[in-house]
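In what follows, a single structure is set out as structure tokens and then discussed.
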2 protein chains.
Amino acid sequence: MVMSTPSVSAANQSLLGNGSGVVSPSPIPPGGSATTASVNSASEMEHTVSMTLFFVLAVLGLCILVIHLLIKLKLTYLPESIAVVFVGALIGLLLQLIGNWRKEEAFPPMIFFLVILPPIIFESGYNLHKGNFFHNIGSILLFAILGTVISAAVIGAGVYLVGVAGITYQLTLVESFAFGSLISAVDPVATLAIFQAIKVDPILYMLVFGESILNDAVSIVLMTTVIQVKPEDGGLHALGLAVLNFFKTFLCSAGIGTVFALASALLLKWVDLRKTPSLEVGIMLIFSYAPYCLAEGLHMSGIMAILFAGIVMSHYTHRNLSPVTQITVQHTFRTMAFLAETLVFAYLGLAIFSFSHLLQPSLVIWCIALCLLGRAFNIFPLSFCLNYFRQHKITLKNQLIMWFSGLRGAIAFALAIHLDVRGETRQILVTTTLVIVLFTILVLGGSTMPLMKCLERRPAWMQTYYYYNDPAAGSSRSRRRRRRAREKQEVTLSKTQMGAAMDSEQYSEFAESEVELSGGGPGVPGVPVGPGGHKLQGFIRLDLRYLMPFFTRTFTHKEVTEGRRMMTTLTDKWYQEVRSTPAGEGGDPDDEEDDEDIDEEASHAETSLTAAQQ
Amino acid sequence: MVMSTPSVSAANQSLLGNGSGVVSPSPIPPGGSATTASVNSASEMEHTVSMTLFFVLAVLGLCILVIHLLIKLKLTYLPESIAVVFVGALIGLLLQLIGNWRKEEAFPPMIFFLVILPPIIFESGYNLHKGNFFHNIGSILLFAILGTVISAAVIGAGVYLVGVAGITYQLTLVESFAFGSLISAVDPVATLAIFQAIKVDPILYMLVFGESILNDAVSIVLMTTVIQVKPEDGGLHALGLAVLNFFKTFLCSAGIGTVFALASALLLKWVDLRKTPSLEVGIMLIFSYAPYCLAEGLHMSGIMAILFAGIVMSHYTHRNLSPVTQITVQHTFRTMAFLAETLVFAYLGLAIFSFSHLLQPSLVIWCIALCLLGRAFNIFPLSFCLNYFRQHKITLKNQLIMWFSGLRGAIAFALAIHLDVRGETRQILVTTTLVIVLFTILVLGGSTMPLMKCLERRPAWMQTYYYYNDPAAGSSRSRRRRRRAREKQEVTLSKTQMGAAMDSEQYSEFAESEVELSGGGPGVPGVPVGPGGHKLQGFIRLDLRYLMPFFTRTFTHKEVTEGRRMMTTLTDKWYQEVRSTPAGEGGDPDDEEDDEDIDEEASHAETSLTAAQQ
């Protein structure tokens, strides 16, 4: 991300800048001294861009420190996104007071779509490799595609109708549905932080996790499709064309992403790059970004392509990597996504004071109501339908939580900024989106906890319904285990801590607590089957029998040992590089005195590590 | 790098593009349908940029596979840079034959300086944390600063004089010295690959390693200084101004880099981000790039700043990191630098066929001669002077090797492309640089090995001189060890393999084979003292006594254990994710059968890893 954040604003300058920002070929005078002029004009621009980049980096650094403070002070009820928005707002206010802040200096759309968005979407897909995403693929797709379309349609139609009725500011039909689409992008971060915090049942967790991940991409494709509709073509024809276009884009893009991901899996299966991590990491970076570029180049949806690339790569390619590359890639992706998202939230905060807002209170209120209504029309009917087919039913309580946790976040706001509509309308929509995002995060996010506690003390009829429909809840063992886990783990809404926790066993235990591993066995881990060990079916079966062996490599005993040795070497290296004290806590390091102790400890460590290798 | 490479060409389009490339605010017609037009023009550009990015990624991917093939086929005598140039040339030739390659589509200067160059320079600085750089800081600085200035002056004056004499194409005084400066940038990659391959004595290795790292930055600052000189100010005044400017830029930039690096060390010492790797990695990325932006923004040299940031961060900050972040950061930096450099070399290859060359054979031949002469005036007199002060003398043989290994590489070529001079002269200088780079890599690089073997069978007088001046050579133990190491390790010119090898103990053994650790002890490792354990002096002493304890944190026993546990967890996670077979080599994975074996092995591994923790 170190390179990408900068280039954001680098191009920011050049893309948004007036004509003078463009590096023009210098005039060619005969003298040698004339070179100076052109150097100066080009370099002057470089200096400005550099300072912008420095500002961006400084803001990011500040946000990181604030987030750390939140974690340190255990202010974990406050989501990080809110803290970052506050930091951004504070900086925006300060700059406003100083008065040299240029208004509307947004990310240029191209940089936003090419640099900021891809890591966020890819990472959310790549994070899937734990848990049982594929087991619930049907339900997830239904919520993500049909659910988002329902939500977009409800909000779009509602906004258009209240406009036509003269109750609020009037949007055109296309604008209404474009806005409906973008505001239907649910933010996986906030939702999942809450879900993890309140320890919902893992299947539900995966349903909403999967939904909220796919949902962003669906929402973006939907918005792009809607904005390209020409209303003069006539209603039904245009609608038909839009639907066709939507599915064509969806399928082709997902196909591109999947093909690239499978190609990367086969490549890393048959070409052994494990001894040269920089080549391996390089290939991973190239294959993660290439589908995005190709899909965009072919007028498809890069977001959809990179999302599917992320999902499939985490499922197959990830298993073919050396341990060092696994760690590097995972942390690099996560950091890039974190920085990109922090940037968007900080910009959201800056926008509160620096953007020239046009607030339409009635529109905002109607939109919030429509958002809730749209999500209700998404969750409840679809859950009702799904419960006919699902073994593991979605209880009413869980439906309520799902409905309530439909927070809006960075993606919706960023899409609103880059929505290409008339000046005044754009301002109104950005302001409306900003308020909705802040409202949902603060009010919905803030009241989820109380709601949960309230539902915990649920009335008898609900209790019965719950136990009747949840086969896992019947087992007293798993109930006990869940309660214990809930007591053990502190509630946290910190995404960063969540990310770190996902690396520990704690999370895996949580994700798999009700889903026993069987069939595949440890040889093909992470591929769960349904509770109760019922027969494998559909994709899971296909995956386990044919796809997994075809796309992932079988490590030989020697290779596993080598991988482990590599890690041991790196741990040793770390140990040798850090200054450590055997007992004293932060005391004055007297090197001479500590020498022997450390020597002893080092040799001890060596012995035990050698033992570990055997 | 996944984000940076793309943005290169993203901005490529926009920066180099004609006026139409700039996203202009769309006209605001009253209808909703009008949005379509502006969407299309902006998105059309995005599609083109995306395809360019895809092309760049595809070329990079191809280069990675070719490099892997080189390593696999043990064609290690062929430097990777040459292979990449060949790939680039082949692609250039193909595109030329197809005929739709737009000529002169160079990296725009701003993107080159803001995105491609920083990771290359930072990484070379960050790689320093092994070995005894600071022990030889005096000699290194002399070679890097004075040596590069000498080389630039000799080449610049020579080129100017042969031009004035009418022997070759005539350059202006400023152009001559600018060219002299840029062609004085020695490529550390090729040089070091050879040095590692032929196992020179470690002090010499570090001398040239340090020199070639600092040398790039000096060369860039020198070129920038020269190009800003106004000859009409009068000779001596201009010269004085240039010298002043050079030192001001050098010191201020280095200061900025150092301050940022020390700040990052203190920050990571006192703020415990070790439990949240994404924050830790984020801080590292921000602090590595911020000095570059600030220095450029303040009209200083970003390259110099980022180089010093890299050196100081590897010396202090690196020791305050958690093991996971150490691995992630190191591999991310290395991969980014690798991709950036591969991109430049591939572009060099593409340029062979796509650039409209202007070859001046006499100029090329003179330049090659002057390069060799310039480096001779750098190495031999300075070594002579240094030998008066050094305990560990630089032998004549080693001086010859140093002189011979002054290859030119990616930096020189990239600087030539971005040299802002008149059209025809630029073409001539790019062509000349291209030929010099290819010549030095192919001829000098190719004949270093034979030269080494020839020097091995050195005449008696040289042998005497060698033993007389090299105290370490006298010890039969170290001589035996060196010979053994030489026999054991295969000769490789592969930079990638070298990078991987640097992580293993093999390299550390090599780097410290003649420099015994003492004084600091394992508590402050990696800080060697001179051979023979003579008294610590100067910076090393200061560093060991005060700086190191001040800027690096003392890990408590618990923290060390935690760091190790973190690594163990990650190793276990890797183990659980890969499909492994206990004995069969790539056989058909029969999961059911393997279950128990793997279980057994896993539990064994767990036991031994637990043992390691105690």
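Here's how to read the names in the structure tokens: chain A, B, ... by the order shown, residue numbers from 1 in each chain, ligand numbers from 1 in the order shown.
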(message) Need the shell around range 208-212 of chain A: protein/DNA/RNA residues with any atom at most 6 Å away, counting only C-alpha atoms. Skip same-chain ones fewer than 3 positions apart. Format as a list in words?
(response)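 The residues that qualify are Ile140, Phe143, Ala144, Val186, Pro188, Tyr205 and Asn215 of chain A.
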Keeping only all heavy atoms, take the residues you just selected and write them out as a compact mmCIF listing (two decimals), in the first residue's frame.
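What follows is the written file result.txt:
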```
# COMPACT_ATOMS: atom_id res chain seq x y z
N ILE A 140 -26.17 -17.83 0.37
CA ILE A 140 -25.39 -16.59 0.28
C ILE A 140 -25.67 -15.88 -1.04
O ILE A 140 -25.92 -14.68 -1.09
CB ILE A 140 -23.88 -16.91 0.42
CG1 ILE A 140 -23.57 -17.31 1.86
CG2 ILE A 140 -23.04 -15.72 -0.01
CD1 ILE A 140 -22.17 -17.83 2.06
N PHE A 143 -29.17 -14.24 -0.96
CA PHE A 143 -29.16 -12.97 -0.22
C PHE A 143 -28.39 -11.89 -0.98
O PHE A 143 -28.83 -10.74 -1.07
CB PHE A 143 -28.50 -13.15 1.16
CG PHE A 143 -29.44 -13.69 2.21
CD1 PHE A 143 -29.16 -14.88 2.86
CD2 PHE A 143 -30.60 -13.00 2.54
CE1 PHE A 143 -30.03 -15.38 3.83
CE2 PHE A 143 -31.46 -13.49 3.51
CZ PHE A 143 -31.18 -14.69 4.15
N ALA A 144 -27.24 -12.28 -1.52
CA ALA A 144 -26.35 -11.28 -2.12
C ALA A 144 -26.94 -10.72 -3.41
O ALA A 144 -26.92 -9.52 -3.64
CB ALA A 144 -24.98 -11.88 -2.37
N VAL A 186 -23.95 -3.07 1.74
CA VAL A 186 -23.81 -3.20 3.19
C VAL A 186 -22.33 -3.34 3.52
O VAL A 186 -21.59 -3.99 2.79
CB VAL A 186 -24.61 -4.42 3.69
CG1 VAL A 186 -24.31 -4.69 5.14
CG2 VAL A 186 -26.09 -4.18 3.47
N PRO A 188 -19.37 -4.88 5.18
CA PRO A 188 -19.06 -6.13 5.90
C PRO A 188 -18.31 -5.88 7.20
O PRO A 188 -18.47 -6.61 8.17
CB PRO A 188 -18.22 -6.92 4.91
CG PRO A 188 -17.79 -5.95 3.88
CD PRO A 188 -18.76 -4.83 3.87
N TYR A 205 -23.27 -16.50 10.88
CA TYR A 205 -22.12 -15.64 10.67
C TYR A 205 -21.66 -15.74 9.23
O TYR A 205 -21.46 -14.75 8.54
CB TYR A 205 -21.00 -16.07 11.63
CG TYR A 205 -19.73 -15.28 11.49
CD1 TYR A 205 -19.49 -14.16 12.30
CD2 TYR A 205 -18.76 -15.64 10.56
CE1 TYR A 205 -18.33 -13.43 12.17
CE2 TYR A 205 -17.61 -14.90 10.42
CZ TYR A 205 -17.39 -13.81 11.23
OH TYR A 205 -16.24 -13.08 11.10
N ASN A 215 -22.24 -8.75 -1.73
CA ASN A 215 -23.19 -7.66 -1.87
C ASN A 215 -22.57 -6.37 -2.41
O ASN A 215 -23.16 -5.69 -3.25
CB ASN A 215 -23.85 -7.46 -0.48
CG ASN A 215 -24.34 -6.08 -0.23
OD1 ASN A 215 -23.53 -5.18 0.00
ND2 ASN A 215 -25.64 -5.91 -0.28
```
(message) I'd like the neighbourhood of range 321-336 of chain B as a count of residues only, where a residue qualifies if any of its atoms comes within 9 Å (using only C-alpha atoms), though same-chain residues fewer than 4 positions away should be ignored.
(response) 51
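CA of Ala185 in chain B is positioned 11.7 Å from CA of Gly374 in chain B.
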Apply DSSP to the backbone of this structure and, from range 257-478 of chain B, keep only the residues in alpha helix (DSSP H); write these as a short mmCIF file (atom, residue, chain, number, x, y, z; two decimals) with C-alpha atoms, in the first residue's frame.
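File written: part16.cif
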```cif
data_model
loop_
_atom_site.label_atom_id
_atom_site.label_comp_id
_atom_site.auth_asym_id
_atom_site.auth_seq_id
_atom_site.Cartn_x
_atom_site.Cartn_y
_atom_site.Cartn_z
CA GLY B 257 15.38 10.09 6.27
CA THR B 258 17.32 9.49 9.46
CA VAL B 259 14.90 11.48 11.62
CA PHE B 260 11.92 9.58 10.24
CA ALA B 261 13.62 6.25 10.74
CA LEU B 262 14.61 7.07 14.30
CA ALA B 263 11.08 8.30 15.00
CA SER B 264 9.70 5.01 13.70
CA ALA B 265 12.11 3.11 15.93
CA LEU B 266 11.02 5.07 19.00
CA LEU B 267 7.36 4.76 18.05
CA LEU B 268 7.56 1.00 17.68
CA LYS B 269 9.66 0.77 20.81
CA TRP B 270 7.12 2.50 23.02
CA PRO B 277 0.27 -6.93 12.61
CA SER B 278 -1.76 -4.95 10.11
CA LEU B 279 -1.21 -1.78 12.12
CA GLU B 280 2.46 -2.62 12.51
CA VAL B 281 2.96 -3.31 8.81
CA GLY B 282 0.95 -0.19 8.01
CA ILE B 283 3.22 1.96 10.19
CA MET B 284 6.30 0.45 8.56
CA LEU B 285 4.98 1.20 5.07
CA ILE B 286 4.01 4.74 6.01
CA PHE B 287 7.33 5.51 7.66
CA SER B 288 9.29 4.05 4.78
CA TYR B 289 7.57 6.21 2.20
CA ALA B 290 6.87 9.41 4.15
CA PRO B 291 10.49 10.68 4.18
CA TYR B 292 10.56 10.35 0.41
CA CYS B 293 7.43 12.47 0.02
CA LEU B 294 8.52 15.08 2.54
CA ALA B 295 12.00 15.44 1.05
CA GLU B 296 10.62 15.75 -2.47
CA GLY B 297 8.00 18.19 -1.25
CA GLY B 302 13.68 11.92 -1.84
CA ILE B 303 16.00 9.15 -2.98
CA MET B 304 18.65 10.14 -0.47
CA ALA B 305 16.03 10.41 2.27
CA ILE B 306 14.48 7.03 1.57
CA LEU B 307 17.91 5.42 1.34
CA PHE B 308 18.91 6.66 4.77
CA ALA B 309 15.48 5.79 6.13
CA GLY B 310 16.02 2.27 4.83
CA ILE B 311 19.49 1.95 6.34
CA VAL B 312 18.51 3.33 9.75
CA MET B 313 15.20 1.47 9.87
CA SER B 314 16.92 -1.82 9.18
CA HIS B 315 19.42 -1.03 11.92
CA PRO B 323 8.44 -11.80 13.93
CA VAL B 324 5.37 -11.85 11.69
CA THR B 325 5.82 -8.22 10.73
CA GLN B 326 9.53 -8.70 10.17
CA ILE B 327 8.81 -11.43 7.66
CA THR B 328 5.96 -9.59 6.00
CA VAL B 329 7.77 -6.29 5.71
CA GLN B 330 10.99 -7.80 4.48
CA HIS B 331 9.34 -9.92 1.82
CA THR B 332 6.97 -7.19 0.75
CA PHE B 333 9.80 -4.70 0.33
CA ARG B 334 11.89 -7.25 -1.52
CA THR B 335 9.05 -8.23 -3.84
CA MET B 336 8.21 -4.62 -4.57
CA ALA B 337 11.84 -3.81 -5.35
CA PHE B 338 12.12 -6.94 -7.45
CA LEU B 339 9.02 -6.09 -9.47
CA ALA B 340 10.08 -2.47 -9.92
CA GLU B 341 13.50 -3.48 -11.11
CA THR B 342 12.17 -6.19 -13.38
CA LEU B 343 9.86 -3.60 -14.87
CA VAL B 344 12.75 -1.28 -15.64
CA PHE B 345 14.85 -4.06 -17.18
CA ALA B 346 11.89 -5.32 -19.20
CA TYR B 347 11.31 -1.78 -20.37
CA LEU B 348 14.98 -1.57 -21.29
CA GLY B 349 14.47 -4.63 -23.45
CA LEU B 350 11.33 -3.20 -25.00
CA ALA B 351 13.22 0.00 -25.72
CA ILE B 352 15.76 -1.84 -27.86
CA PHE B 353 13.15 -2.21 -30.57
CA SER B 354 10.50 0.35 -29.78
CA PRO B 361 29.12 4.61 -32.45
CA SER B 362 32.11 6.81 -31.72
CA LEU B 363 30.35 8.36 -28.73
CA VAL B 364 29.42 4.92 -27.42
CA ILE B 365 32.99 3.66 -27.66
CA TRP B 366 34.40 6.77 -26.03
CA CYS B 367 31.83 6.54 -23.28
CA ILE B 368 32.66 2.93 -22.49
CA ALA B 369 36.33 3.81 -22.32
CA LEU B 370 35.57 6.81 -20.12
CA CYS B 371 33.39 4.69 -17.81
CA LEU B 372 36.26 2.31 -17.25
CA LEU B 373 38.67 5.21 -16.81
CA GLY B 374 36.33 7.02 -14.43
CA ARG B 375 35.94 3.97 -12.26
CA ALA B 376 39.67 3.42 -12.29
CA PHE B 377 40.19 7.00 -11.06
CA ASN B 378 37.63 6.24 -8.39
CA ILE B 379 38.84 2.90 -7.08
CA PHE B 380 42.63 2.89 -7.27
CA PRO B 381 43.53 6.31 -5.81
CA LEU B 382 40.90 6.12 -3.10
CA SER B 383 41.94 2.60 -2.12
CA PHE B 384 45.52 3.80 -1.98
CA CYS B 385 44.54 6.61 0.36
CA LEU B 386 42.29 4.40 2.46
CA ASN B 387 44.97 1.77 2.94
CA TYR B 388 46.89 4.33 5.00
CA PHE B 389 44.10 4.34 7.54
CA LEU B 396 45.49 -4.96 -5.36
CA LYS B 397 43.56 -8.02 -6.40
CA ASN B 398 40.44 -6.75 -4.69
CA GLN B 399 40.92 -3.31 -6.23
CA LEU B 400 41.02 -4.94 -9.65
CA ILE B 401 37.80 -6.79 -8.92
CA MET B 402 36.13 -3.64 -7.65
CA TRP B 403 37.15 -1.78 -10.76
CA PHE B 404 36.00 -4.53 -13.05
CA ALA B 410 18.44 -0.15 -14.35
CA ILE B 411 18.99 3.17 -12.56
CA ALA B 412 21.36 4.58 -15.17
CA PHE B 413 19.02 3.61 -17.98
CA ALA B 414 15.94 4.98 -16.24
CA LEU B 415 17.73 8.25 -15.48
CA ALA B 416 18.75 8.56 -19.12
CA ILE B 417 15.14 8.15 -20.22
CA GLY B 423 14.96 15.77 -28.27
CA GLU B 424 17.86 14.60 -30.40
CA THR B 425 20.39 14.67 -27.60
CA ARG B 426 18.02 12.70 -25.40
CA GLN B 427 17.66 10.02 -28.04
CA ILE B 428 21.42 9.80 -28.44
CA LEU B 429 22.01 9.61 -24.70
CA VAL B 430 19.33 6.96 -24.18
CA THR B 431 20.79 4.84 -26.95
CA THR B 432 24.32 5.33 -25.62
CA THR B 433 23.25 4.40 -22.09
CA LEU B 434 21.36 1.37 -23.37
CA VAL B 435 24.44 0.09 -25.16
CA ILE B 436 26.69 0.80 -22.17
CA VAL B 437 24.33 -1.02 -19.82
CA LEU B 438 24.09 -4.04 -22.09
CA PHE B 439 27.85 -3.99 -22.73
CA GLY B 445 29.69 -9.30 -16.06
CA GLY B 446 30.45 -12.26 -18.26
CA SER B 447 34.22 -11.98 -17.97
CA THR B 448 34.41 -11.39 -14.22
CA MET B 449 34.45 -15.11 -13.57
CA PRO B 450 37.40 -15.84 -15.88
CA LEU B 451 39.20 -12.81 -14.45
CA MET B 452 38.70 -14.18 -10.96
CA LYS B 453 40.11 -17.54 -11.92
CA CYS B 454 43.06 -15.81 -13.53
CA LEU B 455 43.71 -13.75 -10.41
CA GLU B 456 43.46 -16.88 -8.30
CA ALA B 460 54.26 -14.47 -6.64
CA TRP B 461 54.63 -10.74 -6.01
CA MET B 462 50.90 -10.35 -5.81
CA GLN B 463 50.58 -13.31 -3.51
CA THR B 464 53.09 -11.79 -1.15
CA TYR B 465 51.36 -8.45 -1.26
CA TYR B 466 48.08 -10.13 -0.56
CA TYR B 467 49.23 -12.04 2.46
CA TYR B 468 51.22 -9.22 3.78
CA ASN B 469 48.29 -6.85 3.73
CA PRO B 471 45.77 -10.14 8.38
CA ALA B 472 42.86 -12.51 8.12
CA ALA B 473 44.37 -14.38 5.19
CA GLY B 474 47.25 -15.38 7.39
CA SER B 476 45.06 -21.01 8.08
CA ARG B 477 41.75 -21.73 9.75
CA SER B 478 39.91 -18.93 8.05
#
```
(request) Work out how far apart CA of Phe134 in chain B and CA of Ile121 in chain B are and give it in Å to one decimal. (result)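 Rounded to one decimal, the two atoms are 18.2 Å apart.
In this model, the gap between CA of Phe550 in chain B and CA of Leu70 in chain A comes to 26.8 Å.
Close contacts of range 218-224 of chain A, defined as residues with an atom at most 8 Å away when counting only C-alpha atoms, with chain neighbours fewer than 2 positions off set aside, comprise Ala144, Ile145, Thr148, Val149, Phe177, Ala178, Phe179, Ser181, Leu182, Ser184, Ala185, Leu214, Asn215, Asp216, Val226, Ile227, Gln228, Phe246, Thr249, Phe250, Ser301, Ile303, Met304 and Leu415 of chain A.
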